[in-house]
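Worksheet: one structure, shown below.
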Amino acid sequence: MNVKKHLILLMMSCCGLVWADQPPPPDEGGQRTQIRAAQLYGWRPIDGEHLLLWTGKEEVWRLSVAPSCPSLNRARNIVVTADRRHIKVGRDRVQIDDQECLIRELAFPEVPDNKKRPVPKKGYVATLSVVESVPETKPTPTQKGPK
């Protein structure tokens with residue numbers, strides 16, 4: 001019986017059905033260097049350096065900005081810049097009135113198991129400002145014609 005059990009486990013592991021000895025999958029809550037966003041569904045301030053931004057009805061990201069944006073706690077409307085619908089760390093910004101704060105970190109928010117998922121704050125509007133970057137073009141050599 002013991003041999004039969006070991007053979008079954010061996011067959012299951014060969015088929016990929018037993019994962020006990022395999023390393024855990026990479027953490028999905030890790031930081032990102034960029035995220036894709038076709039539209040924004042709202043936002044919620046956390047403090048002067050962090051906010052939650054919804055890029056889908058249930059897709060939320062925690063953004064860290066620098067320098068500190070004290071007006072995050074008072075603002076209701078923000079603009080987030082994006083390069084061809086990609087919000088990128090170190091390039092794009094959160095704009096509040098006349099203040100701009102560089103996005104320095106993008107990550108999934110950590111939500112404890114005993115807490116509800118956060119929702120956008122009512123009346124808080126986030127607008128995506130998409131800038132289509134122009135690819136660099138190399139100068140073409142001038143053609144010399146017959147003299």
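Residue numbering restarts at 1 in every chain; chains get A, B, ... in the order shown in the structure tokens, and ligands count up from 1 in that same order.
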
TODO: Mind checking which residues fall within 10 Å of A:Leu72, counting only C-alpha atoms, ignoring those fewer than 4 positions away in the same chain, and posting them as a list in words?
DONE: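 Within the cut-off, the hits are Arg44, Pro45, Ile46, Asp47, Gly48, Glu49, His50, Leu51, Ser68, Arg76, Asn77, Ile78, Val94, Gln95, Ile96, Gln99 and Cys101 of chain A.
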
Put those residues in a file: N, CA and C atoms, as a PDB file, in the first residue's frame.
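After the write, selection-v4.pdb holds the following:
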ATOM      1  N   ARG A  44      -8.672  58.309  -3.691  1.00  0.00           N
ATOM      2  CA  ARG A  44      -8.880  58.542  -2.272  1.00  0.00           C
ATOM      3  C   ARG A  44      -7.532  58.934  -1.662  1.00  0.00           C
ATOM      4  N   PRO A  45      -7.455  60.078  -0.974  1.00  0.00           N
ATOM      5  CA  PRO A  45      -6.189  60.442  -0.333  1.00  0.00           C
ATOM      6  C   PRO A  45      -5.931  59.573   0.895  1.00  0.00           C
ATOM      7  N   ILE A  46      -4.662  59.277   1.146  1.00  0.00           N
ATOM      8  CA  ILE A  46      -4.267  58.575   2.371  1.00  0.00           C
ATOM      9  C   ILE A  46      -3.603  59.579   3.301  1.00  0.00           C
ATOM     10  N   ASP A  47      -2.600  60.290   2.779  1.00  0.00           N
ATOM     11  CA  ASP A  47      -1.921  61.357   3.508  1.00  0.00           C
ATOM     12  C   ASP A  47      -1.263  62.253   2.469  1.00  0.00           C
ATOM     13  N   GLY A  48      -0.357  63.118   2.872  1.00  0.00           N
ATOM     14  CA  GLY A  48       0.276  64.048   1.950  1.00  0.00           C
ATOM     15  C   GLY A  48       1.228  63.410   0.950  1.00  0.00           C
ATOM     16  N   GLU A  49       1.574  62.133   1.160  1.00  0.00           N
ATOM     17  CA  GLU A  49       2.511  61.462   0.260  1.00  0.00           C
ATOM     18  C   GLU A  49       1.936  60.230  -0.427  1.00  0.00           C
ATOM     19  N   HIS A  50       0.709  59.834  -0.093  1.00  0.00           N
ATOM     20  CA  HIS A  50       0.127  58.605  -0.644  1.00  0.00           C
ATOM     21  C   HIS A  50      -1.334  58.804  -1.001  1.00  0.00           C
ATOM     22  N   LEU A  51      -1.753  58.096  -2.063  1.00  0.00           N
ATOM     23  CA  LEU A  51      -3.154  58.100  -2.442  1.00  0.00           C
ATOM     24  C   LEU A  51      -3.490  56.768  -3.085  1.00  0.00           C
ATOM     25  N   SER A  68       6.290  65.829  -0.977  1.00  0.00           N
ATOM     26  CA  SER A  68       5.015  65.681  -0.282  1.00  0.00           C
ATOM     27  C   SER A  68       4.008  66.691  -0.842  1.00  0.00           C
ATOM     28  N   ARG A  76     -10.156  67.732  -4.303  1.00  0.00           N
ATOM     29  CA  ARG A  76     -11.225  66.822  -4.731  1.00  0.00           C
ATOM     30  C   ARG A  76     -10.991  66.364  -6.165  1.00  0.00           C
ATOM     31  N   ASN A  77     -10.235  67.160  -6.924  1.00  0.00           N
ATOM     32  CA  ASN A  77      -9.940  66.831  -8.328  1.00  0.00           C
ATOM     33  C   ASN A  77      -8.432  66.771  -8.520  1.00  0.00           C
ATOM     34  N   ILE A  78      -7.984  65.710  -9.175  1.00  0.00           N
ATOM     35  CA  ILE A  78      -6.565  65.588  -9.505  1.00  0.00           C
ATOM     36  C   ILE A  78      -6.442  65.208 -10.974  1.00  0.00           C
ATOM     37  N   VAL A  94       1.214  63.615 -10.398  1.00  0.00           N
ATOM     38  CA  VAL A  94      -0.127  63.928  -9.921  1.00  0.00           C
ATOM     39  C   VAL A  94      -0.185  65.444  -9.830  1.00  0.00           C
ATOM     40  N   GLN A  95      -1.165  66.041 -10.501  1.00  0.00           N
ATOM     41  CA  GLN A  95      -1.294  67.497 -10.518  1.00  0.00           C
ATOM     42  C   GLN A  95      -2.525  67.899  -9.715  1.00  0.00           C
ATOM     43  N   ILE A  96      -2.318  68.837  -8.792  1.00  0.00           N
ATOM     44  CA  ILE A  96      -3.399  69.375  -7.976  1.00  0.00           C
ATOM     45  C   ILE A  96      -3.302  70.885  -8.090  1.00  0.00           C
ATOM     46  N   GLN A  99       0.086  72.656  -8.275  1.00  0.00           N
ATOM     47  CA  GLN A  99       1.155  71.846  -7.692  1.00  0.00           C
ATOM     48  C   GLN A  99       1.288  70.523  -8.453  1.00  0.00           C
ATOM     49  N   CYS A 101       3.307  66.732  -8.297  1.00  0.00           N
ATOM     50  CA  CYS A 101       4.070  65.808  -7.462  1.00  0.00           C
ATOM     51  C   CYS A 101       4.449  64.591  -8.291  1.00  0.00           C
TER      52      CYS A 101
END

Task: Which of A:Leu52, A:Leu40, A:Val111, A:Leu63 sits closest to A:Ser129 [using only C-alpha atoms] - done: A:Leu40

- [ ] Would you work out the distance separating atom CA of A:Phe108 from atom CA of A:Cys69, expressed in Å to one decimal?
- [x]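 A separation of 20.4 Å between them.
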
Open item on the list: as a VMD selection string, please: every residue in stretch 20-147 of chain A that a backbone DSSP assignment puts in strand (DSSP E).
Closed with: chain A and resid 31 to 32 34 to 36 42 to 47 50 to 54 60 to 66 77 to 83 86 to 88 93 to 96 99 to 107 125 to 131

Open item on the list: When you look at stretch 102-106 of chain A with a cut-off of 10 Å (counting only C-alpha atoms), what residues show up, excluding the ones that are within fewer than 2 positions of it in the same chain? I need them as an NGL selection string.
Closed with: :A and (30-35 or 49-50 or 52-53 or 61-69 or 80-81 or 87-95 or 100 or 108-109)

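Between atom CA of A:Ala38 and atom CA of A:Lys115 lies a distance of 28.3 Å.
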
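Using only C-alpha atoms, the smallest distance between any of A:Val3, A:Glu59, A:Asn73, A:Arg84 and A:Glu132 comes from A:Arg84.
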
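Computed from the coordinates, the atom CA of A:Trp43 to atom CA of A:Arg74 distance equals 12.8 Å.
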
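Remark: for A:Glu110, the closest of the candidate residues A:Val60, A:Ala126, A:Trp54, A:Tyr41 is A:Val60 (distances computed over only C-alpha atoms).
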
DSSP helix (DSSP H, G or I) residues within stretch 35-133 of chain A, listed as a compact mmCIF listing (two decimals) with N, CA and C atoms, in the first residue's frame:
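Once everything was written out, this is states.txt:
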# COMPACT_ATOMS: atom_id res chain seq x y z
N PRO A 70 0.90 68.37 0.36
CA PRO A 70 -0.05 68.62 1.45
C PRO A 70 -1.46 68.88 0.93
N SER A 71 -1.57 69.37 -0.29
CA SER A 71 -2.90 69.67 -0.83
C SER A 71 -3.68 68.41 -1.20
N LEU A 72 -3.05 67.23 -1.14
CA LEU A 72 -3.78 65.98 -1.42
C LEU A 72 -4.96 65.82 -0.46
N ASN A 73 -4.78 66.21 0.79
CA ASN A 73 -5.83 66.04 1.79
C ASN A 73 -6.99 67.00 1.59
